[in-house]
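Novice: This is the structure I have questions about; it appears just below.
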Amino acid sequence: MARIIVITSGKGGVGKTTTAAALAMGLAQRGNRTAVIDFDVGLRNLDLIMGCERRVVYDFVNVINQEANLNQALIRDKRCDNLYVLPASQTRDKEALTKEGVGRVLEELSQGFDFIVCDSPAGIEHGATMAMYYADDAVVVTNPEVSSVRDSDRMLGILSSKSRRAETNAEPIREYLLLTRYDPVRVDNGEMLSVKDVQEILSLNLLGVIPESKAVLNASNSGVPVILDRETDAGQAYGDAVGRYLGEDVPHRFIEARKKGFFSRLFGG
Amino acid sequence: MGLLDYFRGTRAKGSANIAKERLQILVAHDRTARHRPSYLPNLQREILDVIRKYVDIDMNAVSVNYEQEDAHEVLELNIVLPETARNRA
């Protein structure tokens with residue numbers, strides 16, 4: 001049986017798809033058979049971030065409607081044999097995702113995979129509730145910014161009341177915080193909420209802190225999940241987060257600002 | 001922060017504190033609203049209807065408050081009777 005992980009946030013543009021691509025690749029690289037599903041029907045983007053947009057033939061909705069089988073729709077990643085992408089449909093609307101249909105596809109995937117990563121669309125509408133409904137674990141992607149933190153809290157409420165685990169009184173979804181676009185220098189200057197501030201408000205397990213990084217745009221430009229860019233801070237931070245998710249005790253990096261030299265301290269800047 | 005600022009002791013206070021305070025209030029408010037049972041508005045209206053059979057009270061005279069503490073929930077009803085009601089009875 002696979003473990004189902006939803007990447008969610010409520011707010012858009014905080015890094016859900018970047019995170020879904022990175023975590024799925026990280027899990028697969030460690031030898032886990034992993035599928036990553038794009039739930040953003042009508043606005044599919046995961047295929048672009050994964051760099052497989054030209055290999056899409058069938059999609060998630062085709063499989064739900066039984067117009068194609070799973071093997072036809074799953075795209076095997078060229079860099080990692082354990083990783084498969086199930087793209088969203090670009091032409092249908094979100095209502096095409098039915099609870100039964102999604103459940104059936106996840107059930108079938110569960111037979112052959114260790115992890116299923118569900119990339120949720122923004123908002124709290126149908127697509128987002130479908131992405132989180134069957135989840136065992138939730139990674140709540142949050143920026144250190146008021147509207148993102150508030151939306152994350154709202155999402156936590158939905159996870160604890162409208163998921164299958166909530167409805168069947170099963171063990172609740174395990175919720176993790178992933179703080180992205182973090183800028184330790186601005187935190188030191190008192191211009192940005194700190195990890196501690198966000199933790200005080202949301203009180204979740206901290207899966208990782210991804211620093212604001214040029215590597216993220218570079219990675220999406222070229223269709224390579226940022227975790228593969230091991231030279232960069234963001235790539236390493238995602239690598240650490242995957243380790244933590246798998247139960248390793250990895251110390252947090254990139255939370256502290258780099259120490260300034262004597263002269264820059266003396267003269268500011 | 002340069003040397004001059006250090007001696008002046010004028011470390012600029014950032015906006016992060018304000019963000020945190022606003023969020024704490026907002027999130028606490030969102031959470032109480034979330035845990036409130038959905039039957040409260042109906043309950044309030046029906047109680048009001050029953051009381052109105054006997055006493056002529058205002059729409060705002062009944063307040064229903066719901067609080068959740070660790071082990072139990074408190075449903076607080078507060079009904080303000082008009083002064084004349086007591087004389088009539």
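The chains in the structure tokens are called A, B, ... from first to last as shown; in each chain the residues are counted from 1, and the ligands are counted from 1 in the order shown.
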For the alpha helix (DSSP H) assignment from backbone DSSP, which residues of range 129-255 of chain A qualify? Please present them as a ChimeraX atom specification.

Specialist: /A:129-133,146-162,164-167,184-188,195-202,214-222,233-245

Novice: For the residues in the current selection, export C-alpha atoms as a tab-separated table (two decimals), in the first residue's frame.

Specialist:
chain	number	residue	atom	x	y	z
A	129	THR	CA	-10.61	19.16	-1.67
A	130	MET	CA	-10.23	16.20	-4.06
A	131	ALA	CA	-6.43	16.39	-3.80
A	132	MET	CA	-6.50	16.20	0.00
A	133	TYR	CA	-9.48	13.88	0.53
A	146	VAL	CA	0.33	37.07	6.57
A	147	SER	CA	-2.09	35.90	3.87
A	148	SER	CA	-0.22	32.66	3.26
A	149	VAL	CA	-0.10	31.79	6.97
A	150	ARG	CA	-3.78	32.54	7.38
A	151	ASP	CA	-4.72	30.41	4.36
A	152	SER	CA	-2.56	27.56	5.65
A	153	ASP	CA	-4.44	27.64	8.94
A	154	ARG	CA	-7.70	27.53	7.05
A	155	MET	CA	-6.44	24.55	5.07
A	156	LEU	CA	-5.54	22.75	8.31
A	157	GLY	CA	-9.14	23.15	9.40
A	158	ILE	CA	-10.33	21.56	6.16
A	159	LEU	CA	-7.84	18.69	6.45
A	160	SER	CA	-9.13	17.91	9.93
A	161	SER	CA	-12.81	18.03	9.00
A	162	LYS	CA	-13.34	17.13	5.34
A	164	ARG	CA	-11.57	10.73	4.41
A	165	ARG	CA	-9.59	10.16	7.60
A	166	ALA	CA	-11.71	12.79	9.37
A	167	GLU	CA	-14.99	11.44	8.00
A	184	PRO	CA	17.00	34.97	6.96
A	185	VAL	CA	18.47	38.43	6.41
A	186	ARG	CA	15.04	40.04	6.29
A	187	VAL	CA	14.02	37.99	9.34
A	188	ASP	CA	17.05	39.35	11.22
A	195	VAL	CA	10.28	30.22	11.48
A	196	LYS	CA	9.50	30.48	15.18
A	197	ASP	CA	6.72	33.05	14.61
A	198	VAL	CA	5.03	30.86	12.00
A	199	GLN	CA	5.45	27.78	14.18
A	200	GLU	CA	3.86	29.59	17.14
A	201	ILE	CA	0.80	30.30	15.04
A	202	LEU	CA	0.42	27.02	13.12
A	214	LYS	CA	17.38	31.93	-7.68
A	215	ALA	CA	17.75	28.19	-8.15
A	216	VAL	CA	13.95	27.72	-8.09
A	217	LEU	CA	13.32	29.85	-11.19
A	218	ASN	CA	16.37	28.40	-12.93
A	219	ALA	CA	15.05	24.90	-12.27
A	220	SER	CA	11.55	25.66	-13.56
A	221	ASN	CA	12.98	27.41	-16.65
A	222	SER	CA	14.69	24.21	-17.63
A	233	ASP	CA	20.71	26.05	-1.22
A	234	ALA	CA	17.11	25.32	-2.28
A	235	GLY	CA	18.09	21.95	-3.76
A	236	GLN	CA	19.87	20.95	-0.57
A	237	ALA	CA	17.02	22.21	1.62
A	238	TYR	CA	14.55	20.02	-0.30
A	239	GLY	CA	16.95	17.09	0.02
A	240	ASP	CA	17.00	17.59	3.79
A	241	ALA	CA	13.18	17.79	3.88
A	242	VAL	CA	12.88	14.43	2.11
A	243	GLY	CA	15.23	12.92	4.69
A	244	ARG	CA	13.14	14.33	7.53
A	245	TYR	CA	9.94	13.04	5.95

Novice: So which residues touch Leu77 in chain B within 8 Å, counting only C-alpha atoms, skipping near sequence neighbours fewer than 4 positions away, as a PyMOL selection string?

Specialist: chain B and resi 62-65

Novice: Mind pulling up the distance from CA of Thr17 in chain A to CA of Phe113 in chain A?

Specialist: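 Answer for the CA of Phe113 in chain A to CA of Thr17 in chain A separation: 20.2 Å.
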
Novice: Tell me, as a PyMOL selection string, which residues lie within 8 Å of Gly127 in chain A, counting only C-alpha atoms; anything in the same chain fewer than 4 positions away does not count.

Specialist: chain A and resi 39-41+94-95+97+120-121+131

Novice: Find, counting only C-alpha atoms, the residue in A:Cys52, A:Leu193, A:Ile173, A:Cys80 that gets nearest to chain B.

Specialist: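 Smallest distance to chain B is found for A:Leu193.
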
Novice: Any idea what's packed within 10 Å of Gly101 in chain A, counting only C-alpha atoms, ignoring anything in its chain fewer than 6 positions away? Could you give it as a ChimeraX atom specification?

Specialist: /A:60-61,63-66,107

Novice: Excluding Thr32 in chain B and residues on its chain fewer than 6 positions from it, collect all residues at most 10 Å away from it, counting only C-alpha atoms, and give them as a PyMOL selection string.

Specialist: chain B and resi 66-68

Novice: Could you check the closest approach to Arg44 in chain A for each of A:Leu83, A:Val56, A:Ala88, A:Leu70 and tell me which residue wins, using only C-alpha atoms?

Specialist: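 Using only C-alpha atoms, Arg44 in chain A sits closest to A:Ala88.
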
Novice: So, counting only C-alpha atoms, which residue among A:Glu125, A:Asn205, A:Ile210, A:Gly12 is closest to Gly247 in chain A?

Specialist: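 Going through A:Glu125, A:Asn205, A:Ile210, A:Gly12 one by one, the smallest distance to Gly247 in chain A is for A:Asn205.
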
Novice: Could you tell me how far CA of Leu75 in chain B sits from CA of His35 in chain B, in Å to one decimal place?

Specialist: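 That distance, rounded to one decimal, is 12.5 Å.
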
Novice: Which of range 46-267 of chain A counts as strand (DSSP E) under DSSP, as a PDB file with C-alpha atoms, in the first residue's frame please?

Specialist:
ATOM      1  CA  ILE A  75       4.888   9.236 -17.803  1.00  0.00           C
ATOM      2  CA  ARG A  76       8.119   7.660 -16.615  1.00  0.00           C
ATOM      3  CA  LEU A  83       9.325   8.212 -10.690  1.00  0.00           C
ATOM      4  CA  TYR A  84       6.124   8.556 -12.708  1.00  0.00           C
ATOM      5  CA  VAL A  85       4.055  11.646 -13.497  1.00  0.00           C
ATOM      6  CA  LEU A  86       0.284  11.639 -13.967  1.00  0.00           C
ATOM      7  CA  PHE A 115       4.370   6.982  -2.364  1.00  0.00           C
ATOM      8  CA  ILE A 116       1.720   8.969  -4.218  1.00  0.00           C
ATOM      9  CA  VAL A 117       2.306  12.722  -4.169  1.00  0.00           C
ATOM     10  CA  CYS A 118      -0.801  14.809  -4.915  1.00  0.00           C
ATOM     11  CA  ASP A 119      -0.096  18.334  -6.164  1.00  0.00           C
ATOM     12  CA  ASP A 137       0.060  12.987   5.100  1.00  0.00           C
ATOM     13  CA  ALA A 138      -0.183  16.672   4.244  1.00  0.00           C
ATOM     14  CA  VAL A 139       2.666  19.040   3.492  1.00  0.00           C
ATOM     15  CA  VAL A 140       1.369  22.573   4.039  1.00  0.00           C
ATOM     16  CA  VAL A 141       3.497  24.914   1.947  1.00  0.00           C
ATOM     17  CA  THR A 142       3.610  28.373   3.513  1.00  0.00           C
ATOM     18  CA  ARG A 174      -0.109  13.805   9.606  1.00  0.00           C
ATOM     19  CA  GLU A 175       0.484  17.484   8.911  1.00  0.00           C
ATOM     20  CA  TYR A 176       3.864  19.024   8.139  1.00  0.00           C
ATOM     21  CA  LEU A 177       4.900  22.633   7.618  1.00  0.00           C
ATOM     22  CA  LEU A 178       7.214  23.515   4.752  1.00  0.00           C
ATOM     23  CA  LEU A 179       8.210  27.158   4.918  1.00  0.00           C
ATOM     24  CA  THR A 180       9.323  28.440   1.513  1.00  0.00           C
ATOM     25  CA  ARG A 181      10.843  31.671   0.142  1.00  0.00           C
ATOM     26  CA  TYR A 182      12.502  32.269   3.502  1.00  0.00           C
ATOM     27  CA  ASN A 205       5.956  19.522  12.523  1.00  0.00           C
ATOM     28  CA  LEU A 206       8.566  21.504  10.609  1.00  0.00           C
ATOM     29  CA  LEU A 207       9.500  19.490   7.524  1.00  0.00           C
ATOM     30  CA  GLY A 208      11.873  22.095   6.183  1.00  0.00           C
ATOM     31  CA  VAL A 209      12.692  25.699   5.432  1.00  0.00           C
ATOM     32  CA  ILE A 210      13.441  26.462   1.792  1.00  0.00           C
ATOM     33  CA  PRO A 211      15.362  29.703   1.389  1.00  0.00           C
TER      34      PRO A 211
END
